[in-house]
Structures are given as structure tokens and as C-alpha cells.
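Below is one structure, written out as C-alpha cells; the observations come after it.
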Amino acid sequence: MEKILASIGSLLYGMRFTMLFFYVGLVAIIFGILGKFIFETYKLMNTLLTGSIEKIDLIIKVLELVDMTMVAQLVWVVALAGVSLFVTTGHFDSKDIKKPDWLDHVNTYNLKLKLAFAIISISGVHALKTYLSGDLSLENTKIVAVIAVIHFSFVLAAIGISFAERLTRDQH
């Protein structure tokens, strides 16, 4: 029975490299976001230099670029931390590659907290963009209210994760 359990454990441990396919997919998504970011930046710069744009439209376009940047950062943090936590840290053994300082302190709780705060930031930017782009009609007011409730739910979830992590840390 011990040999069977050891074999199953070895198989499961060896399968951690299959997670690399997921992380490579996330890197591909980052490149897709980069392409969209460059295209949208080009369009905005072209409009700024050759046309005219209303101030509120400029703010909304800039918020969209900020939103894309934050989503790309979120995906990058998930991919890098996921590889380091769940696959291998051997790729940082080279002297040519400097490991980010925050990666030394990352564990699953910290990663969840980083993700929660990144999602809150993205949600806040999206809520502001929705608020600024809409009129004051009843339908738009309902949409902004729903987005505000969702954003507040994200904030409560982050507080809950932080509280749970603190309770776990205090018990050790």
C-alpha cells in the first residue's frame, strides 16, 4: 500500500509541469493585451494630434488604457507567482535573472490578497469609467449601482481574505 501511495504521490508531483501550459497561455494573453494596448494608444495619439476629442472622452480612453495595464499586471502576477509556487523556482538560479523581491514573500494567502487588491483596483477603474461615460438616465443609474455593489463585494472579499490570513498567521 505504501508503494502505491508513493507512486501516486510521485505521479501527482511530476504532473506539476502540466501547469506550465496554463501559465504559457496566460503569457499569450498578456501579449494579446499588449497588442490591443498599442493599437488603442496609437488611435488615441492619432486623435490627439490630428483631431479633437472631448475632455471626458479623453479621460475615458485613458482609463481604458489604465484598465488594460492593470489586467496585464494581474495576469503577470498570477503567472509568475503560480510558476514559482506550484511548478519550480529553478529558473531564478541563474545569475542573469533577478528574482523580484515580493516573490520571496509570496505564498497562497499573499497571492490571493494581491489578486483581490488588483481586482478591486480594476473594478474601481471600471466603475469610474462607467460612471463618467454614462448619462444620468434611470437605466445608467441602475448599472452604476450594480457595479458599485459588485465593487463593494470585492472589497469585502479582500477584507475577509486578509482577516483569514491574519487568523492563520496568529495561530502559528
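Naming works like this for the C-alpha cells: A, B, ... for the chains as they're shown, residue 1 at the start of each chain, ligands 1 onward in shown order.
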
Alpha helix (DSSP H) call set, DSSP backbone run, stretch 2-153 of chain A, as a VMD selection string: chain A and resid 2 to 14 19 to 50 55 to 82 108 to 133 138 to 153

Surrounding residues of A:Tyr23 excluding itself and chain neighbours under 5 positions, 12 Å, only C-alpha atoms, as number ranges by chain: A: 16-18, 28-30, 75-84, 86-87

Would you mind exporting the chosen residues as a JSON list (two decimals), in the first residue's frame, restricted to C-alpha atoms?
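Output saved as result25.json:
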[["chain", "number", "residue", "atom", "x", "y", "z"],
["A", 16, "ARG", "CA", 3.01, 19.90, -11.75],
["A", 17, "PHE", "CA", 4.77, 20.68, -15.03],
["A", 18, "THR", "CA", 1.44, 20.39, -16.85],
["A", 28, "ALA", "CA", -0.03, 34.65, -24.59],
["A", 29, "ILE", "CA", -2.95, 36.63, -23.15],
["A", 30, "ILE", "CA", -0.51, 39.29, -21.91],
["A", 75, "VAL", "CA", -2.20, 38.15, -15.27],
["A", 76, "TRP", "CA", 1.58, 38.58, -14.97],
["A", 77, "VAL", "CA", 1.49, 38.27, -11.17],
["A", 78, "VAL", "CA", -0.66, 35.14, -11.40],
["A", 79, "ALA", "CA", 1.63, 33.54, -14.00],
["A", 80, "LEU", "CA", 4.92, 34.38, -12.26],
["A", 81, "ALA", "CA", 3.76, 33.56, -8.76],
["A", 82, "GLY", "CA", 1.98, 30.42, -9.96],
["A", 83, "VAL", "CA", 5.10, 29.07, -11.64],
["A", 84, "SER", "CA", 7.19, 29.89, -8.58],
["A", 86, "PHE", "CA", 3.45, 25.41, -7.95],
["A", 87, "VAL", "CA", 5.99, 24.42, -10.60]]

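For the pair atom CA of A:Ile120 and atom CA of A:Tyr42, the separation is 27.8 Å.
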
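In this model, the gap between atom CA of A:Lys114 and atom CA of A:Asp67 comes to 16.3 Å.
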
Which of these, A:Thr41, A:Ser7, A:Thr168, A:Ser123, has the shortest distance to A:Val155 once you count only C-alpha atoms? A:Ser123

So which residues touch A:Leu58 within 12 Å, counting only C-alpha atoms, skipping near sequence neighbours fewer than 3 positions away, as an mmCIF file with N, CA and C atoms, in the first residue's frame?
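Final output, selection_34.cif:
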data_model
loop_
_atom_site.group_PDB
_atom_site.id
_atom_site.type_symbol
_atom_site.label_atom_id
_atom_site.label_comp_id
_atom_site.auth_asym_id
_atom_site.auth_seq_id
_atom_site.Cartn_x
_atom_site.Cartn_y
_atom_site.Cartn_z
ATOM 1 N N THR A 41 -3.522 52.882 -28.007
ATOM 2 C CA THR A 41 -2.647 54.032 -27.772
ATOM 3 C C THR A 41 -2.400 54.778 -29.081
ATOM 4 N N LYS A 43 -4.369 54.827 -31.723
ATOM 5 C CA LYS A 43 -5.604 55.518 -32.097
ATOM 6 C C LYS A 43 -5.796 56.791 -31.281
ATOM 7 N N LEU A 44 -5.538 56.710 -29.971
ATOM 8 C CA LEU A 44 -5.702 57.878 -29.114
ATOM 9 C C LEU A 44 -4.697 58.975 -29.481
ATOM 10 N N MET A 45 -3.448 58.604 -29.693
ATOM 11 C CA MET A 45 -2.434 59.589 -30.070
ATOM 12 C C MET A 45 -2.778 60.225 -31.415
ATOM 13 N N THR A 47 -5.760 60.641 -32.645
ATOM 14 C CA THR A 47 -6.878 61.558 -32.392
ATOM 15 C C THR A 47 -6.391 62.822 -31.702
ATOM 16 N N LEU A 48 -5.492 62.676 -30.742
ATOM 17 C CA LEU A 48 -4.968 63.847 -30.030
ATOM 18 C C LEU A 48 -4.196 64.786 -30.961
ATOM 19 N N GLY A 51 -6.993 65.301 -34.565
ATOM 20 C CA GLY A 51 -8.406 65.605 -34.430
ATOM 21 C C GLY A 51 -8.685 66.331 -33.134
ATOM 22 N N SER A 52 -9.919 66.292 -32.783
ATOM 23 C CA SER A 52 -10.282 66.872 -31.490
ATOM 24 C C SER A 52 -11.062 65.821 -30.712
ATOM 25 N N ILE A 53 -10.917 65.900 -29.418
ATOM 26 C CA ILE A 53 -11.587 64.940 -28.555
ATOM 27 C C ILE A 53 -12.082 65.686 -27.321
ATOM 28 N N GLU A 54 -13.259 65.353 -26.909
ATOM 29 C CA GLU A 54 -13.817 65.964 -25.703
ATOM 30 C C GLU A 54 -13.002 65.510 -24.492
ATOM 31 N N LYS A 55 -12.956 66.366 -23.492
ATOM 32 C CA LYS A 55 -12.181 66.071 -22.282
ATOM 33 C C LYS A 55 -12.651 64.782 -21.618
ATOM 34 N N LYS A 61 -10.872 57.204 -22.393
ATOM 35 C CA LYS A 61 -9.884 56.435 -23.176
ATOM 36 C C LYS A 61 -8.647 56.142 -22.332
ATOM 37 N N VAL A 62 -8.193 57.127 -21.563
ATOM 38 C CA VAL A 62 -7.028 56.907 -20.701
ATOM 39 C C VAL A 62 -7.358 55.867 -19.628
ATOM 40 N N LEU A 63 -8.563 55.934 -19.058
ATOM 41 C CA LEU A 63 -8.972 54.929 -18.073
ATOM 42 C C LEU A 63 -9.007 53.531 -18.679
ATOM 43 N N GLU A 64 -9.404 53.432 -19.947
ATOM 44 C CA GLU A 64 -9.391 52.127 -20.619
ATOM 45 C C GLU A 64 -7.963 51.604 -20.745
ATOM 46 N N LEU A 65 -7.004 52.484 -21.051
ATOM 47 C CA LEU A 65 -5.601 52.066 -21.130
ATOM 48 C C LEU A 65 -5.077 51.659 -19.755
ATOM 49 N N LYS A 129 -15.039 54.552 -14.971
ATOM 50 C CA LYS A 129 -15.237 54.686 -16.418
ATOM 51 C C LYS A 129 -16.722 54.615 -16.773
ATOM 52 N N LEU A 132 -18.422 57.863 -15.604
ATOM 53 C CA LEU A 132 -18.081 59.026 -16.422
ATOM 54 C C LEU A 132 -18.662 58.949 -17.831
ATOM 55 N N SER A 133 -18.816 57.746 -18.362
ATOM 56 C CA SER A 133 -19.259 57.611 -19.750
ATOM 57 C C SER A 133 -20.769 57.652 -19.911
#

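Atom to atom, atom CA of A:Ile143 and atom CA of A:Val125 stand 14.8 Å apart.
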
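Neighbouring residues of A:Val146 at 12 Å or closer, counting only C-alpha atoms and skipping chain neighbours under 5 positions away, are Ser123, Ala127, Thr130, Tyr131, Glu139, Asn140, Thr141, His151, Phe152 and Ser153 of chain A.
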
A:Ala118: which residues within 9 Å, counting only C-alpha atoms, same-chain residues fewer than 2 positions away excluded, as JSON, numbers by chain? {"A": [70, 71, 73, 74, 113, 114, 115, 116, 120, 121, 122, 123]}

Would you output that residue set with C-alpha atoms, as a compact mmCIF listing (two decimals), in the first residue's frame?
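Saved result, again_35.txt, follows:
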# COMPACT_ATOMS: atom_id res chain seq x y z
CA MET A 70 -3.83 46.64 -14.59
CA VAL A 71 -5.34 43.50 -16.14
CA GLN A 73 -0.24 43.17 -14.39
CA LEU A 74 -2.75 40.90 -12.71
CA LEU A 113 -4.54 39.07 -1.32
CA LYS A 114 -2.55 40.54 -4.21
CA LEU A 115 -5.18 39.26 -6.63
CA ALA A 116 -8.01 40.63 -4.52
CA ILE A 120 -10.52 45.89 -6.55
CA SER A 121 -8.33 48.37 -8.43
CA ILE A 122 -9.55 47.14 -11.81
CA SER A 123 -13.13 47.20 -10.59

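Restricting the calculation to only C-alpha atoms, the smallest distance between A:Ile38 and any of A:Thr108, A:Thr69, A:Ser10, A:Thr50 is found for A:Thr69.
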